[in-house]
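*Asks:* For reference, this is final_2.pdb, and it has PDB, N, CA and C atoms and all ligand atoms.
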```pdb
ATOM      1  N   MET A   1     137.444 145.724  68.165
ATOM      2  CA  MET A   1     138.612 146.577  68.417
ATOM      3  C   MET A   1     139.057 146.433  69.865
ATOM      4  N   SER A   2     139.250 145.211  70.318
ATOM      5  CA  SER A   2     139.663 145.028  71.699
ATOM      6  C   SER A   2     141.179 144.897  71.823
ATOM      7  N   ASP A   3     141.875 144.947  70.685
ATOM      8  CA  ASP A   3     143.330 144.827  70.739
ATOM      9  C   ASP A   3     143.953 146.000  71.471
ATOM     10  N   SER A   4     144.726 145.661  72.480
ATOM     11  CA  SER A   4     145.469 146.709  73.154
ATOM     12  C   SER A   4     146.823 146.147  73.545
ATOM     13  N   ALA A   5     147.866 146.744  72.967
ATOM     14  CA  ALA A   5     149.221 146.281  73.261
ATOM     15  C   ALA A   5     149.526 146.533  74.727
ATOM     16  N   GLN A   6     150.119 145.542  75.345
ATOM     17  CA  GLN A   6     150.423 145.641  76.760
ATOM     18  C   GLN A   6     151.842 145.220  77.064
ATOM     19  N   HIS A   7     152.321 145.699  78.162
ATOM     20  CA  HIS A   7     153.648 145.352  78.639
ATOM     21  C   HIS A   7     153.562 145.158  80.142
ATOM     22  N   LEU A   8     153.797 143.942  80.592
ATOM     23  CA  LEU A   8     153.794 143.662  82.022
ATOM     24  C   LEU A   8     155.217 143.355  82.451
ATOM     25  N   SER A   9     155.555 143.755  83.650
ATOM     26  CA  SER A   9     156.917 143.587  84.147
ATOM     27  C   SER A   9     156.883 142.969  85.543
ATOM     28  N   TYR A  10     157.751 141.969  85.760
ATOM     29  CA  TYR A  10     157.774 141.273  87.046
ATOM     30  C   TYR A  10     159.188 141.165  87.579
ATOM     31  N   ALA A  11     159.341 141.377  88.867
ATOM     32  CA  ALA A  11     160.634 141.154  89.516
ATOM     33  C   ALA A  11     160.691 139.686  89.917
ATOM     34  N   VAL A  12     161.636 138.951  89.320
ATOM     35  CA  VAL A  12     161.769 137.526  89.598
ATOM     36  C   VAL A  12     163.217 137.259  90.028
ATOM     37  N   PRO A  13     163.462 137.290  91.340
ATOM     38  CA  PRO A  13     164.826 137.191  91.863
ATOM     39  C   PRO A  13     165.574 135.931  91.419
ATOM     40  N   GLY A  14     164.854 134.834  91.183
ATOM     41  CA  GLY A  14     165.517 133.577  90.850
ATOM     42  C   GLY A  14     166.029 133.472  89.429
ATOM     43  N   VAL A  15     165.714 134.450  88.588
ATOM     44  CA  VAL A  15     166.159 134.386  87.193
ATOM     45  C   VAL A  15     167.628 134.781  87.111
ATOM     46  N   SER A  16     168.495 133.807  86.859
ATOM     47  CA  SER A  16     169.921 134.127  86.904
ATOM     48  C   SER A  16     170.752 133.509  85.792
ATOM     49  N   CYS A  17     170.160 132.677  84.956
ATOM     50  CA  CYS A  17     170.961 132.083  83.894
ATOM     51  C   CYS A  17     170.082 131.721  82.700
ATOM     52  N   GLY A  18     170.711 131.218  81.660
ATOM     53  CA  GLY A  18     169.991 130.884  80.441
ATOM     54  C   GLY A  18     168.934 129.824  80.641
ATOM     55  N   HIS A  19     169.197 128.907  81.590
ATOM     56  CA  HIS A  19     168.200 127.878  81.868
ATOM     57  C   HIS A  19     166.929 128.494  82.437
ATOM     58  N   CYS A  20     167.098 129.420  83.361
ATOM     59  CA  CYS A  20     165.952 130.107  83.956
ATOM     60  C   CYS A  20     165.162 130.815  82.865
ATOM     61  N   ARG A  21     165.908 131.499  82.012
ATOM     62  CA  ARG A  21     165.264 132.259  80.943
ATOM     63  C   ARG A  21     164.448 131.336  80.040
ATOM     64  N   ALA A  22     165.031 130.190  79.670
ATOM     65  CA  ALA A  22     164.338 129.247  78.786
ATOM     66  C   ALA A  22     163.097 128.677  79.463
ATOM     67  N   ALA A  23     163.218 128.330  80.750
ATOM     68  CA  ALA A  23     162.099 127.726  81.468
ATOM     69  C   ALA A  23     160.931 128.701  81.561
ATOM     70  N   ILE A  24     161.240 129.941  81.899
ATOM     71  CA  ILE A  24     160.181 130.940  82.038
ATOM     72  C   ILE A  24     159.586 131.299  80.682
ATOM     73  N   THR A  25     160.439 131.454  79.688
ATOM     74  CA  THR A  25     159.947 131.794  78.352
ATOM     75  C   THR A  25     159.018 130.703  77.831
ATOM     76  N   ASP A  26     159.405 129.446  78.044
ATOM     77  CA  ASP A  26     158.580 128.313  77.604
ATOM     78  C   ASP A  26     157.181 128.383  78.194
ATOM     79  N   GLU A  27     157.111 128.606  79.501
ATOM     80  CA  GLU A  27     155.810 128.615  80.178
ATOM     81  C   GLU A  27     154.984 129.849  79.827
ATOM     82  N   VAL A  28     155.632 131.001  79.863
ATOM     83  CA  VAL A  28     154.871 132.243  79.688
ATOM     84  C   VAL A  28     154.378 132.410  78.249
ATOM     85  N   THR A  29     155.115 131.878  77.276
ATOM     86  CA  THR A  29     154.650 132.020  75.895
ATOM     87  C   THR A  29     153.378 131.205  75.641
ATOM     88  N   LYS A  30     153.045 130.287  76.550
ATOM     89  CA  LYS A  30     151.811 129.501  76.398
ATOM     90  C   LYS A  30     150.573 130.306  76.794
ATOM     91  N   VAL A  31     150.794 131.408  77.512
ATOM     92  CA  VAL A  31     149.660 132.217  77.974
ATOM     93  C   VAL A  31     149.052 132.967  76.784
ATOM     94  N   PRO A  32     147.715 132.915  76.656
ATOM     95  CA  PRO A  32     147.045 133.592  75.539
ATOM     96  C   PRO A  32     147.403 135.076  75.471
ATOM     97  N   GLY A  33     147.714 135.546  74.269
ATOM     98  CA  GLY A  33     147.993 136.954  74.062
ATOM     99  C   GLY A  33     149.459 137.325  74.144
ATOM    100  N   VAL A  34     150.270 136.430  74.719
ATOM    101  CA  VAL A  34     151.694 136.742  74.877
ATOM    102  C   VAL A  34     152.403 136.653  73.532
ATOM    103  N   GLU A  35     153.125 137.719  73.186
ATOM    104  CA  GLU A  35     153.856 137.743  71.923
ATOM    105  C   GLU A  35     155.361 137.672  72.125
ATOM    106  N   ARG A  36     155.826 138.194  73.242
ATOM    107  CA  ARG A  36     157.264 138.243  73.458
ATOM    108  C   ARG A  36     157.568 138.236  74.951
ATOM    109  N   VAL A  37     158.568 137.434  75.323
ATOM    110  CA  VAL A  37     158.993 137.367  76.720
ATOM    111  C   VAL A  37     160.477 137.707  76.777
ATOM    112  N   GLU A  38     160.821 138.641  77.645
ATOM    113  CA  GLU A  38     162.224 139.005  77.820
ATOM    114  C   GLU A  38     162.598 138.795  79.281
ATOM    115  N   ALA A  39     163.643 138.006  79.496
ATOM    116  CA  ALA A  39     164.129 137.806  80.859
ATOM    117  C   ALA A  39     165.487 138.479  80.986
ATOM    118  N   ASP A  40     165.556 139.466  81.862
ATOM    119  CA  ASP A  40     166.806 140.187  82.090
ATOM    120  C   ASP A  40     167.530 139.515  83.251
ATOM    121  N   LEU A  41     168.625 138.826  82.933
ATOM    122  CA  LEU A  41     169.331 138.032  83.938
ATOM    123  C   LEU A  41     170.057 138.880  84.972
ATOM    124  N   ASP A  42     170.440 140.082  84.599
ATOM    125  CA  ASP A  42     171.151 140.954  85.540
ATOM    126  C   ASP A  42     170.181 141.689  86.453
ATOM    127  N   ALA A  43     169.075 142.151  85.882
ATOM    128  CA  ALA A  43     168.096 142.899  86.669
ATOM    129  C   ALA A  43     167.107 141.969  87.372
ATOM    130  N   HIS A  44     167.152 140.661  87.042
ATOM    131  CA  HIS A  44     166.231 139.667  87.598
ATOM    132  C   HIS A  44     164.787 140.118  87.373
ATOM    133  N   ARG A  45     164.511 140.346  86.127
ATOM    134  CA  ARG A  45     163.235 140.930  85.766
ATOM    135  C   ARG A  45     162.715 140.228  84.518
ATOM    136  N   VAL A  46     161.416 140.007  84.479
ATOM    137  CA  VAL A  46     160.791 139.378  83.317
ATOM    138  C   VAL A  46     159.780 140.349  82.727
ATOM    139  N   ASP A  47     159.947 140.656  81.452
ATOM    140  CA  ASP A  47     159.047 141.563  80.752
ATOM    141  C   ASP A  47     158.235 140.778  79.736
ATOM    142  N   VAL A  48     156.935 141.007  79.757
ATOM    143  CA  VAL A  48     156.041 140.276  78.871
ATOM    144  C   VAL A  48     155.280 141.262  77.992
ATOM    145  N   HIS A  49     155.364 141.048  76.691
ATOM    146  CA  HIS A  49     154.676 141.910  75.737
ATOM    147  C   HIS A  49     153.602 141.109  75.028
ATOM    148  N   GLY A  50     152.458 141.744  74.791
ATOM    149  CA  GLY A  50     151.394 141.047  74.089
ATOM    150  C   GLY A  50     150.141 141.893  74.040
ATOM    151  N   THR A  51     149.017 141.232  73.790
ATOM    152  CA  THR A  51     147.741 141.942  73.747
ATOM    153  C   THR A  51     146.741 141.260  74.666
ATOM    154  N   ASP A  52     145.933 142.058  75.335
ATOM    155  CA  ASP A  52     144.904 141.558  76.256
ATOM    156  C   ASP A  52     145.469 140.525  77.223
ATOM    157  N   LEU A  53     146.578 140.864  77.834
ATOM    158  CA  LEU A  53     147.234 139.942  78.761
ATOM    159  C   LEU A  53     146.479 139.836  80.083
ATOM    160  N   ASP A  54     146.495 138.620  80.624
ATOM    161  CA  ASP A  54     145.883 138.381  81.926
ATOM    162  C   ASP A  54     147.015 138.248  82.944
ATOM    163  N   ASP A  55     147.137 139.257  83.780
ATOM    164  CA  ASP A  55     148.207 139.288  84.781
ATOM    165  C   ASP A  55     148.251 138.009  85.613
ATOM    166  N   ALA A  56     147.092 137.522  86.021
ATOM    167  CA  ALA A  56     147.036 136.326  86.871
ATOM    168  C   ALA A  56     147.571 135.101  86.133
ATOM    169  N   GLN A  57     147.274 135.012  84.838
ATOM    170  CA  GLN A  57     147.755 133.865  84.057
ATOM    171  C   GLN A  57     149.254 133.920  83.859
ATOM    172  N   VAL A  58     149.785 135.131  83.657
ATOM    173  CA  VAL A  58     151.234 135.273  83.490
ATOM    174  C   VAL A  58     151.934 134.898  84.792
ATOM    175  N   ARG A  59     151.395 135.368  85.915
ATOM    176  CA  ARG A  59     151.972 135.036  87.216
ATOM    177  C   ARG A  59     151.933 133.525  87.453
ATOM    178  N   ALA A  60     150.830 132.899  87.075
ATOM    179  CA  ALA A  60     150.690 131.455  87.255
ATOM    180  C   ALA A  60     151.719 130.705  86.412
ATOM    181  N   ALA A  61     151.990 131.217  85.208
ATOM    182  CA  ALA A  61     152.950 130.568  84.317
ATOM    183  C   ALA A  61     154.365 130.672  84.880
ATOM    184  N   ILE A  62     154.701 131.830  85.442
ATOM    185  CA  ILE A  62     156.030 132.001  86.050
ATOM    186  C   ILE A  62     156.155 131.064  87.246
ATOM    187  N   ASP A  63     155.081 130.938  88.005
ATOM    188  CA  ASP A  63     155.071 130.035  89.147
ATOM    189  C   ASP A  63     155.222 128.590  88.674
ATOM    190  N   GLU A  64     154.535 128.263  87.579
ATOM    191  CA  GLU A  64     154.589 126.909  87.007
ATOM    192  C   GLU A  64     156.010 126.569  86.562
ATOM    193  N   ALA A  65     156.737 127.568  86.099
ATOM    194  CA  ALA A  65     158.117 127.349  85.668
ATOM    195  C   ALA A  65     159.033 127.119  86.870
ATOM    196  N   GLY A  66     158.511 127.439  88.066
ATOM    197  CA  GLY A  66     159.286 127.175  89.276
ATOM    198  C   GLY A  66     159.920 128.400  89.902
ATOM    199  N   TYR A  67     159.396 129.598  89.563
ATOM    200  CA  TYR A  67     160.008 130.821  90.077
ATOM    201  C   TYR A  67     158.999 131.674  90.837
ATOM    202  N   ASP A  68     159.517 132.343  91.860
ATOM    203  CA  ASP A  68     158.686 133.229  92.668
ATOM    204  C   ASP A  68     158.818 134.658  92.179
ATOM    205  N   ILE A  69     157.697 135.372  92.215
ATOM    206  CA  ILE A  69     157.693 136.787  91.866
ATOM    207  C   ILE A  69     157.835 137.584  93.156
ATOM    208  N   ALA A  70     158.763 138.527  93.131
ATOM    209  CA  ALA A  70     159.007 139.327  94.349
ATOM    210  C   ALA A  70     157.852 140.289  94.599
TER     211      ALA A  70
HETATM  212 CU    CU B 101     169.163 129.518  86.057
END
```
Please go through the file and, once you have read it, give me the structure as structure tokens.

*Replies:*
Amino acid sequence: MSDSAQHLSYAVPGVSCGHCRAAITDEVTKVPGVERVEADLDAHRVDVHGTDLDDAQVRAAIDEAGYDIA
């Protein structure tokens, strides 16, 4: 019974268009436990939903996509 739904939120100033959204979604969905990635282009924010998420891995994936977290 280790399942625990989680929601992590990151301020990512560089997220500004559909390309950014696709690049980040591609990378972050590879992280174990991630079920859904939402990139808000106006708020420059990335929301990650899943179970047993590893914050460090999600941050690394956003970095791998080429974006800095504020
Ligand atoms: Cu873009």

*Asks:* Write out as a PyMOL selection string the residues lying within 8 Å of A:Thr51, counting only C-alpha atoms and excluding same-chain residues fewer than 5 positions away.

*Replies:* chain A and resi 3-6+33-35

*Asks:* Can you check which parts of chain A lie within 5 Å of ligand CU 101 (chain B)? Per residue, the shortest pair of atoms and distance in Å to one decimal, counting all atoms listed in the file, sorted by chain and number, as a Markdown table.

*Replies:*
```
| residue | atom | partner | partner_atom | distance |
| --- | --- | --- | --- | --- |
| A:Ser16 | C | B:CU101 | CU | 4.3 |
| A:Cys17 | N | B:CU101 | CU | 3.5 |
| A:Gly18 | N | B:CU101 | CU | 5.0 |
| A:His19 | C | B:CU101 | CU | 4.4 |
| A:Cys20 | N | B:CU101 | CU | 3.4 |
```

*Asks:* Please write the residues from the selection above to a file, keeping N, CA and C atoms, as a PDB file, in the frame of the given file.

*Replies:*
```pdb
ATOM      1  N   SER A  16     168.495 133.807  86.859  1.00  0.00           N
ATOM      2  CA  SER A  16     169.921 134.127  86.904  1.00  0.00           C
ATOM      3  C   SER A  16     170.752 133.509  85.792  1.00  0.00           C
ATOM      4  N   CYS A  17     170.160 132.677  84.956  1.00  0.00           N
ATOM      5  CA  CYS A  17     170.961 132.083  83.894  1.00  0.00           C
ATOM      6  C   CYS A  17     170.082 131.721  82.700  1.00  0.00           C
ATOM      7  N   GLY A  18     170.711 131.218  81.660  1.00  0.00           N
ATOM      8  CA  GLY A  18     169.991 130.884  80.441  1.00  0.00           C
ATOM      9  C   GLY A  18     168.934 129.824  80.641  1.00  0.00           C
ATOM     10  N   HIS A  19     169.197 128.907  81.590  1.00  0.00           N
ATOM     11  CA  HIS A  19     168.200 127.878  81.868  1.00  0.00           C
ATOM     12  C   HIS A  19     166.929 128.494  82.437  1.00  0.00           C
ATOM     13  N   CYS A  20     167.098 129.420  83.361  1.00  0.00           N
ATOM     14  CA  CYS A  20     165.952 130.107  83.956  1.00  0.00           C
ATOM     15  C   CYS A  20     165.162 130.815  82.865  1.00  0.00           C
TER      16      CYS A  20
END
```

*Asks:* As an exercise, work out the distance from atom CA of A:Gly66 to atom C of A:Glu38 in Å and give it to one decimal place.

*Replies:*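 It comes out at 15.7 Å.
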
*Asks:* Output the residue selection produced by the PyMOL selection byres (((chain A and resi 12) around 6.5) and not hetatm) on the file above, formatted as a list in words.

*Replies:*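 Selected by the PyMOL selection byres (((chain A and resi 12) around 6.5) and not hetatm) in this file: Tyr10, Ala11, Pro13, Gly14, Val15, His44, Arg45, Val46, Asp68, Ile69 and Ala70 of chain A.
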
*Asks:* Given the selection you just returned, output its residues as a file containing N, CA and C atoms, formatted as a compact mmCIF listing (two decimals), in the frame of the given file.

*Replies:*
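What landed in part14.txt:
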```txt
# COMPACT_ATOMS: atom_id res chain seq x y z
N TYR A 10 157.75 141.97 85.76
CA TYR A 10 157.77 141.27 87.05
C TYR A 10 159.19 141.16 87.58
N ALA A 11 159.34 141.38 88.87
CA ALA A 11 160.63 141.15 89.52
C ALA A 11 160.69 139.69 89.92
N PRO A 13 163.46 137.29 91.34
CA PRO A 13 164.83 137.19 91.86
C PRO A 13 165.57 135.93 91.42
N GLY A 14 164.85 134.83 91.18
CA GLY A 14 165.52 133.58 90.85
C GLY A 14 166.03 133.47 89.43
N VAL A 15 165.71 134.45 88.59
CA VAL A 15 166.16 134.39 87.19
C VAL A 15 167.63 134.78 87.11
N HIS A 44 167.15 140.66 87.04
CA HIS A 44 166.23 139.67 87.60
C HIS A 44 164.79 140.12 87.37
N ARG A 45 164.51 140.35 86.13
CA ARG A 45 163.24 140.93 85.77
C ARG A 45 162.72 140.23 84.52
N VAL A 46 161.42 140.01 84.48
CA VAL A 46 160.79 139.38 83.32
C VAL A 46 159.78 140.35 82.73
N ASP A 68 159.52 132.34 91.86
CA ASP A 68 158.69 133.23 92.67
C ASP A 68 158.82 134.66 92.18
N ILE A 69 157.70 135.37 92.22
CA ILE A 69 157.69 136.79 91.87
C ILE A 69 157.84 137.58 93.16
N ALA A 70 158.76 138.53 93.13
CA ALA A 70 159.01 139.33 94.35
C ALA A 70 157.85 140.29 94.60
```

*Asks:* If you run DSSP on this backbone, which residues of chain A come out as strand (DSSP E or B), and could you give them as a tab-separated table (two decimals) with N, CA and C atoms, in the coordinates of the input?

*Replies:*
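Output below, filename part.tsv:
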```
chain	number	residue	atom	x	y	z
A	5	ALA	N	147.87	146.74	72.97
A	5	ALA	CA	149.22	146.28	73.26
A	5	ALA	C	149.53	146.53	74.73
A	6	GLN	N	150.12	145.54	75.34
A	6	GLN	CA	150.42	145.64	76.76
A	6	GLN	C	151.84	145.22	77.06
A	7	HIS	N	152.32	145.70	78.16
A	7	HIS	CA	153.65	145.35	78.64
A	7	HIS	C	153.56	145.16	80.14
A	8	LEU	N	153.80	143.94	80.59
A	8	LEU	CA	153.79	143.66	82.02
A	8	LEU	C	155.22	143.35	82.45
A	9	SER	N	155.56	143.76	83.65
A	9	SER	CA	156.92	143.59	84.15
A	9	SER	C	156.88	142.97	85.54
A	10	TYR	N	157.75	141.97	85.76
A	10	TYR	CA	157.77	141.27	87.05
A	10	TYR	C	159.19	141.16	87.58
A	11	ALA	N	159.34	141.38	88.87
A	11	ALA	CA	160.63	141.15	89.52
A	11	ALA	C	160.69	139.69	89.92
A	34	VAL	N	150.27	136.43	74.72
A	34	VAL	CA	151.69	136.74	74.88
A	34	VAL	C	152.40	136.65	73.53
A	35	GLU	N	153.12	137.72	73.19
A	35	GLU	CA	153.86	137.74	71.92
A	35	GLU	C	155.36	137.67	72.12
A	36	ARG	N	155.83	138.19	73.24
A	36	ARG	CA	157.26	138.24	73.46
A	36	ARG	C	157.57	138.24	74.95
A	37	VAL	N	158.57	137.43	75.32
A	37	VAL	CA	158.99	137.37	76.72
A	37	VAL	C	160.48	137.71	76.78
A	38	GLU	N	160.82	138.64	77.64
A	38	GLU	CA	162.22	139.00	77.82
A	38	GLU	C	162.60	138.79	79.28
A	39	ALA	N	163.64	138.01	79.50
A	39	ALA	CA	164.13	137.81	80.86
A	39	ALA	C	165.49	138.48	80.99
A	40	ASP	N	165.56	139.47	81.86
A	40	ASP	CA	166.81	140.19	82.09
A	40	ASP	C	167.53	139.51	83.25
A	45	ARG	N	164.51	140.35	86.13
A	45	ARG	CA	163.24	140.93	85.77
A	45	ARG	C	162.72	140.23	84.52
A	46	VAL	N	161.42	140.01	84.48
A	46	VAL	CA	160.79	139.38	83.32
A	46	VAL	C	159.78	140.35	82.73
A	47	ASP	N	159.95	140.66	81.45
A	47	ASP	CA	159.05	141.56	80.75
A	47	ASP	C	158.24	140.78	79.74
A	48	VAL	N	156.94	141.01	79.76
A	48	VAL	CA	156.04	140.28	78.87
A	48	VAL	C	155.28	141.26	77.99
A	49	HIS	N	155.36	141.05	76.69
A	49	HIS	CA	154.68	141.91	75.74
A	49	HIS	C	153.60	141.11	75.03
A	50	GLY	N	152.46	141.74	74.79
A	50	GLY	CA	151.39	141.05	74.09
A	50	GLY	C	150.14	141.89	74.04
A	51	THR	N	149.02	141.23	73.79
A	51	THR	CA	147.74	141.94	73.75
A	51	THR	C	146.74	141.26	74.67
```

*Asks:* Please report the interatomic distance between atom CA of A:His7 and atom CA of A:Ala61 in Å with one decimal.

*Replies:*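 We find that atom CA of A:His7 and atom CA of A:Ala61 lie 15.9 Å from each other.
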
*Asks:* Hey, which of A:Tyr67, A:Asp42, A:Asp52, A:Ile62 ends up closest to A:Lys30? Count only C-alpha atoms.

*Replies:*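 For A:Lys30, the nearest of the candidates is A:Ile62.
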
*Asks:* Could you check which of A:Val37, A:Val31, A:Ala65, A:Ala22 is closest to A:His49, using only C-alpha atoms?

*Replies:* A:Val37

*Asks:* With only N, CA and C atoms as the atoms that count, which of A:Ser9, A:Ile24, A:Leu41, A:Pro32 lies nearest to A:Asp54?

*Replies:*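 Nearest candidate to A:Asp54 out of A:Ser9, A:Ile24, A:Leu41, A:Pro32: A:Pro32.
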
*Asks:* What is the distance, in Å and to one decimal place, between atom CA of A:Val28 and atom CA of A:Val58?

*Replies:*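 Going from atom CA of A:Val28 over to atom CA of A:Val58, I get 6.1 Å.
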